[in-house]
Amino acid sequence: MTSQTTSPAANVELVRAGFEAFNAGDVDECLARMTPDFIINLAELPEPQHGREVWRHGFEMMKRAFPDLEAHIEDIFAAQDKVAVRLRFRGTHSSEFLGIGSTGRTIEYVSHEFYRITDGLIAEEWICSDMATLLGQLS
């Protein structure tokens, strides 16, 4: 089901603004760009997760472990109701992450992400982050 009420260019700007809010640590601004029934597809999980509160939990976990974590957009483009993004995340491991205590190390990894836009809000995301590289930098 495709609902296209905004242009691909507007969709790119929506996602770009979401990453600006992410980098600023503004979870409420991020959530304001999502539909209430937001769907999260993570490559490492067999089933989608649902809801803005689930997304908030993941955001808070990452920002707790890597308080200075920032997403740098390397490529972004859109077609119809989808936006594709290639990102490079950078941050400092300052607190526990997935059972690994703080190392103080700088981490850097890439993520390939797709977003589906409905009525000017982000309705669904597909995230394929290079977790092997991230975890390797912490071990």
# chains A, B, ... in the order shown; residues from 1 in each chain; ligands from 1

call {"tool": "select_by_dssp", "arguments": {"residues": "chain A", "states": "strand (DSSP E or B)", "output": "ChimeraX atom specification"}}
result
/A:34-42,49-50,70-79,82-92,97,100,106-118,121-129

call {"tool": "closest_atom_pairs", "arguments": {"of": "stretch 55-128 of chain A", "to": "stretch 2-22 of chain A", "cutoff": "7 Å", "atoms": "only C-alpha atoms", "output": "CSV"}}
result
residue,atom,partner,partner_atom,distance
A:Ala71,CA,A:Phe19,CA,6.7
A:Phe77,CA,A:Val12,CA,6.5
A:Ala78,CA,A:Pro8,CA,5.1
A:Ala79,CA,A:Pro8,CA,5.6
A:Gln80,CA,A:Pro8,CA,6.0
A:Asp81,CA,A:Gln4,CA,5.7
A:Val83,CA,A:Val12,CA,6.2
A:Ile117,CA,A:Asn11,CA,6.7
A:Thr118,CA,A:Ser3,CA,5.5
A:Asp119,CA,A:Thr5,CA,5.4
A:Gly120,CA,A:Thr6,CA,6.1

call {"tool": "residues_around", "arguments": {"residues": "A:Ala132", "least_positions_apart": "6", "cutoff": "12 Å", "atoms": "only C-alpha atoms", "output": "count of residues only"}}
result
8

call {"tool": "residues_around", "arguments": {"residues": "stretch 98-101 of chain A", "least_positions_apart": "3", "cutoff": "10 Å", "atoms": "only C-alpha atoms", "output": "list in words"}}
result
Met61, Met62, Ala65, His93, Ser94, Ser95, Gly104, Leu135, Leu138 and Ser139 of chain A

call {"tool": "atom_distance", "arguments": {"atom1": "atom CA of A:Leu42", "atom2": "atom CA of A:Glu113"}}
result
9.6 Å

call {"tool": "residues_around", "arguments": {"residues": "A:Gly25", "least_positions_apart": "4", "cutoff": "10 Å", "atoms": "only C-alpha atoms", "output": "mmCIF file with N, CA, C and O atoms, in the first residue's frame"}}
result
data_model
loop_
_atom_site.group_PDB
_atom_site.id
_atom_site.type_symbol
_atom_site.label_atom_id
_atom_site.label_comp_id
_atom_site.auth_asym_id
_atom_site.auth_seq_id
_atom_site.Cartn_x
_atom_site.Cartn_y
_atom_site.Cartn_z
ATOM 1 N N PHE A 19 17.428 13.136 11.130
ATOM 2 C CA PHE A 19 18.808 12.880 11.548
ATOM 3 C C PHE A 19 19.431 14.084 12.230
ATOM 4 O O PHE A 19 20.244 13.930 13.140
ATOM 5 N N GLU A 20 19.039 15.285 11.842
ATOM 6 C CA GLU A 20 19.511 16.474 12.561
ATOM 7 C C GLU A 20 19.007 16.433 14.004
ATOM 8 O O GLU A 20 19.762 16.733 14.935
ATOM 9 N N ALA A 21 17.750 16.055 14.208
ATOM 10 C CA ALA A 21 17.201 15.924 15.565
ATOM 11 C C ALA A 21 17.910 14.804 16.324
ATOM 12 O O ALA A 21 18.219 14.948 17.514
ATOM 13 N N GLU A 29 11.687 15.439 18.930
ATOM 14 C CA GLU A 29 11.658 15.893 17.535
ATOM 15 C C GLU A 29 11.719 14.709 16.580
ATOM 16 O O GLU A 29 11.079 14.721 15.532
ATOM 17 N N CYS A 30 12.493 13.684 16.933
ATOM 18 C CA CYS A 30 12.530 12.473 16.108
ATOM 19 C C CYS A 30 11.156 11.819 16.075
ATOM 20 O O CYS A 30 10.634 11.497 15.006
ATOM 21 N N PHE A 59 16.704 4.385 20.834
ATOM 22 C CA PHE A 59 17.408 5.671 20.785
ATOM 23 C C PHE A 59 18.100 5.928 22.118
ATOM 24 O O PHE A 59 19.288 6.262 22.156
ATOM 25 N N GLU A 60 17.352 5.765 23.220
ATOM 26 C CA GLU A 60 17.917 6.043 24.537
ATOM 27 C C GLU A 60 19.044 5.083 24.876
ATOM 28 O O GLU A 60 20.045 5.486 25.472
ATOM 29 N N LYS A 63 22.099 6.330 22.839
ATOM 30 C CA LYS A 63 22.626 7.610 23.338
ATOM 31 C C LYS A 63 23.207 7.469 24.743
ATOM 32 O O LYS A 63 24.080 8.238 25.128
ATOM 33 N N PRO A 67 27.050 8.718 24.109
ATOM 34 C CA PRO A 67 26.352 10.007 24.269
ATOM 35 C C PRO A 67 26.612 11.006 23.139
ATOM 36 O O PRO A 67 25.760 11.846 22.863
ATOM 37 N N ASP A 68 27.767 10.915 22.505
ATOM 38 C CA ASP A 68 28.095 11.843 21.421
ATOM 39 C C ASP A 68 27.841 11.223 20.045
ATOM 40 O O ASP A 68 28.315 11.750 19.030
ATOM 41 N N LEU A 69 27.070 10.144 19.991
ATOM 42 C CA LEU A 69 26.809 9.447 18.726
ATOM 43 C C LEU A 69 26.159 10.394 17.728
ATOM 44 O O LEU A 69 25.181 11.071 18.046
ATOM 45 N N GLU A 70 26.721 10.436 16.528
ATOM 46 C CA GLU A 70 26.150 11.236 15.449
ATOM 47 C C GLU A 70 26.078 10.406 14.183
ATOM 48 O O GLU A 70 26.938 9.569 13.929
#

call {"tool": "residues_around", "arguments": {"residues": "stretch 50-57 of chain A", "least_positions_apart": "2", "cutoff": "8 Å", "atoms": "only C-alpha atoms", "output": "VMD selection string"}}
result
chain A and resid 27 31 34 to 40 48 59 to 61

call {"tool": "atom_distance", "arguments": {"atom1": "atom CA of A:Val85", "atom2": "atom CA of A:Thr103"}}
result
28.8 Å

call {"tool": "closest_residue", "arguments": {"among": "A:Phe97, A:Gly58, A:Leu87, A:Cys128", "to": "A:His72", "atoms": "only C-alpha atoms"}}
result
A:Leu87

call {"tool": "closest_residue", "arguments": {"among": "A:Phe66, A:Ile127, A:Leu121, A:Thr133", "to": "A:Ala32", "atoms": "only C-alpha atoms"}}
result
A:Leu121

call {"tool": "residues_around", "arguments": {"residues": "A:Phe114", "least_positions_apart": "2", "cutoff": "6 Å", "atoms": "only C-alpha atoms", "output": "PyMOL selection string"}}
result
chain A and resi 83-84+125-126
